[in-house]
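Some notes on the structure that comes next.
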Amino acid sequence: MWQKLDRRRFLQWTAGTSVVACTAVSTAQQASSAADRLRVGVMGVNGRGRSLAQNFASRPGVEVAYLCDVDSRAIETAIAALKEVLGTEAREPQGVADFRRVLDDPQVDALVIAAPNHWHAPATILACAAGKHVYVEKPCSHTAEEGELALAAARKYNRVVATGTQRRSYGVIVEGMNKLREGVIGEIRYARSWYRARRPGIGRGQVMDPPAWLDFDLWQGPAPRRPYKDNLVHYNWHWHWHWGNGELGNNGVHALDLVRWGMGVDFPTRVTSSGGRYWHDDDQETPDTHVVTFEFGPRLATWEGLSCSPTEPGITRAAIATFHGDQGTLEVFDVGYRIYDMQRNLVADESGPDGELEHIDSFLRCIREGGRPAADIEDGHRSTLLCHLGNISQRIGRALQIDPGTGHIRDDAEAAALWGREYAPGWRPEV
Ligand SMILES: NC(=O)c1ccc[n+]([C@@H]2O[C@H](COP(=O)([O-])OP(=O)(O)OC[C@H]3O[C@@H](n4cnc5c(N)ncnc54)[C@H](O)[C@@H]3O)[C@@H](O)[C@H]2O)c1
């Protein structure tokens, strides 16, 4: 869904800038553009982080100075991937295992975090305290408490903190959301959202010593220590509560961010969850089939997680959410939206390019000029909180009553116990 910077697009960009560089830039301008140059480090470069590193490196005035990973193989692959788009002449980023080395470098402006979820808020908070701006992947936290702390850190240290809910920057999606807010389908009382996939099982892992290429102690970082298992790294941590947030925190957050945005709602009044692990007999803990209901006063939103059922529940293929108003229905898909009137006639069908690079540009612009990015941490936290509440309701097996002013759980000590988590010694985040 997200767009890689391919060689052709990169060459188009460099072709566009090189004319200026060769003919028109004065010495003074060069000096000021060197001063404007932003240096970033990317933490976690196996999948998403590698792509983000390429995309950040493609932006004018940005240098990816560090690639950071606890998997030495991932650093090598990511350096090669960067060279692919930048060419072999470009300055090679430094590969480091410990992101605190990046934070210690006063020349670094921003940390991009694409490590597993249990790292997102602790690394964000440490980075803000070290004076760095942060682009943190979704979900922006592993627990509700961490989300509040990450937001508090952004504000306390006055840093730009953007979340990787990139549809906030897709032009045509912004247009669709604005139309919803302007009443194109009238009063919205209901929104449906979902994610579908065909995920295989992960089997039963063997406990063993971590491989030589992996610093598993630093991989776990803030999470209390668990033995290494051979079916956890990479990616499968998503399906363990200790490190991940299931499909709801993995992909649900994208659709729920749209739901919150389109309906203009923040905290719910009640959250109900049902579902379970029905498909694979393996080590996964998080639901593969999941329905969560969010009540926002007189409005309702649902999210369906179909991790093992690839057929979409939507009106058309690739749809990810529908909004239901008293004058029509608006369907959002990957890169666009469609509007149907009350007679089910299609009255608008808009699509456009993705806004992956624009999302990064929004973050960079705010670092340079001030202001809040398209997916500011406050929205990132509120959308991620819906996922945490859905998962808490699922884990304790009953509906949660929520204070709509704060998003906090009311009168349920067992549920409230899952608001935060335990930490490995020395890792409890503080703001
Ligand atoms: N916005 C999006 O559309 C999008 C898409 C994919 C993934 N993501 C998010 O990006 C994150 C990474 O996803 P992925 O699929 O690349 O996961 P992954 O498990 O494949 O990769 C995570 C990488 O982080 C590294 N890592 C772990 N601890 C680290 C540490 N302390 N320092 C540095 N590196 C560390 C791992 O070794 C691994 O290389 C996830 O949180 C995911 O939700 C977002």
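In the structure tokens, the first chain shown is A, the next is B, and so on; residue numbers restart at 1 for each chain, and ligands run from 1 in the order shown.
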
Mind listing the residues within 7 Å of ligand 1, only C-alpha atoms and all ligand atoms counted, as a VMD selection string?
-> chain A and resid 2 43 to 49 68 to 71 74 97 to 99 114 to 117 119 137 to 139 164 to 166 218 to 221 233 to 235 250

Can you list every residue in range 333-387 of chain A that DSSP puts in alpha helix (DSSP H), as a ChimeraX atom specification?
-> /A:356-369,377-387

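For the residues A:Arg421, A:Arg101, A:Arg73, A:Arg91, ranking by smallest atom-to-atom distance to Ala57 in chain A using only C-alpha atoms places A:Arg91 first.
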
Write out as number ranges by chain the residues lying within 6 Å of range 270-278 of chain A, counting only C-alpha atoms and excluding same-chain residues fewer than 4 positions away.
-> A: 287-295, 390, 393-394, 399-402

Using the selection just defined, write its residues with C-alpha atoms as an mmCIF file, in the first residue's frame.
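Output (part-v9.cif):
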data_model
loop_
_atom_site.group_PDB
_atom_site.id
_atom_site.type_symbol
_atom_site.label_atom_id
_atom_site.label_comp_id
_atom_site.auth_asym_id
_atom_site.auth_seq_id
_atom_site.Cartn_x
_atom_site.Cartn_y
_atom_site.Cartn_z
ATOM 1 C CA PRO A 287 -7.326 -12.672 17.887
ATOM 2 C CA ASP A 288 -7.378 -13.647 14.213
ATOM 3 C CA THR A 289 -11.116 -13.006 14.045
ATOM 4 C CA HIS A 290 -12.204 -9.906 15.885
ATOM 5 C CA VAL A 291 -15.155 -7.527 16.019
ATOM 6 C CA VAL A 292 -14.885 -4.380 18.123
ATOM 7 C CA THR A 293 -17.683 -1.905 18.658
ATOM 8 C CA PHE A 294 -17.060 1.699 19.703
ATOM 9 C CA GLU A 295 -19.935 3.859 20.885
ATOM 10 C CA GLY A 390 -10.595 -2.877 22.073
ATOM 11 C CA SER A 393 -12.080 -5.433 26.367
ATOM 12 C CA GLN A 394 -11.147 -8.574 24.436
ATOM 13 C CA ALA A 399 -17.506 -4.217 27.641
ATOM 14 C CA LEU A 400 -15.650 -1.166 28.941
ATOM 15 C CA GLN A 401 -17.313 2.048 30.047
ATOM 16 C CA ILE A 402 -15.128 4.983 29.034
#

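Of the residues under consideration (A:Ala162, A:Asp281, A:Asp326, A:Ala197), A:Ala162 shows the shortest atom-to-atom contact distance to Ala375 in chain A when counting only C-alpha atoms.
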
Please provide as an NGL selection string all residues within 6 Å of range 330-341 of chain A, with the sequence filter that same-chain residues fewer than 2 positions apart are discarded (counting only C-alpha atoms).
-> :A and (172-173 or 318-323 or 328 or 343-352 or 354)

Could you turn the residues from that selection into a file that holds C-alpha atoms, as a PDB file, in the first residue's frame?
ATOM      1  CA  VAL A 172      -7.668  12.493  -2.116  1.00  0.00           C
ATOM      2  CA  ILE A 173      -8.351  10.963   1.316  1.00  0.00           C
ATOM      3  CA  ALA A 318      -9.882  -2.523  -1.585  1.00  0.00           C
ATOM      4  CA  ALA A 319     -12.378  -0.612   0.554  1.00  0.00           C
ATOM      5  CA  ILE A 320     -11.290  -0.163   4.170  1.00  0.00           C
ATOM      6  CA  ALA A 321     -14.141   1.763   5.770  1.00  0.00           C
ATOM      7  CA  THR A 322     -17.653   3.008   5.080  1.00  0.00           C
ATOM      8  CA  PHE A 323     -19.420   5.977   6.625  1.00  0.00           C
ATOM      9  CA  GLY A 328     -25.729   8.667   1.622  1.00  0.00           C
ATOM     10  CA  GLN A 343     -30.844   5.070  -3.794  1.00  0.00           C
ATOM     11  CA  ARG A 344     -27.421   3.314  -3.910  1.00  0.00           C
ATOM     12  CA  ASN A 345     -26.352   5.286  -7.000  1.00  0.00           C
ATOM     13  CA  LEU A 346     -22.637   5.996  -7.267  1.00  0.00           C
ATOM     14  CA  VAL A 347     -22.377   9.805  -7.276  1.00  0.00           C
ATOM     15  CA  ALA A 348     -18.626  10.342  -6.790  1.00  0.00           C
ATOM     16  CA  ASP A 349     -15.600   8.144  -7.443  1.00  0.00           C
ATOM     17  CA  GLU A 350     -12.278   9.819  -6.701  1.00  0.00           C
ATOM     18  CA  SER A 351      -8.801   8.356  -6.517  1.00  0.00           C
ATOM     19  CA  GLY A 352      -5.286   9.734  -6.549  1.00  0.00           C
ATOM     20  CA  ASP A 354      -0.682   7.869  -2.321  1.00  0.00           C
TER      21      ASP A 354
END

Residue list (strand (DSSP E), DSSP) for range 254-387 of chain A, as an NGL selection string = :A and (270-276 or 289-296 or 299-306 or 319-325 or 329-333 or 336-340 or 346-351)
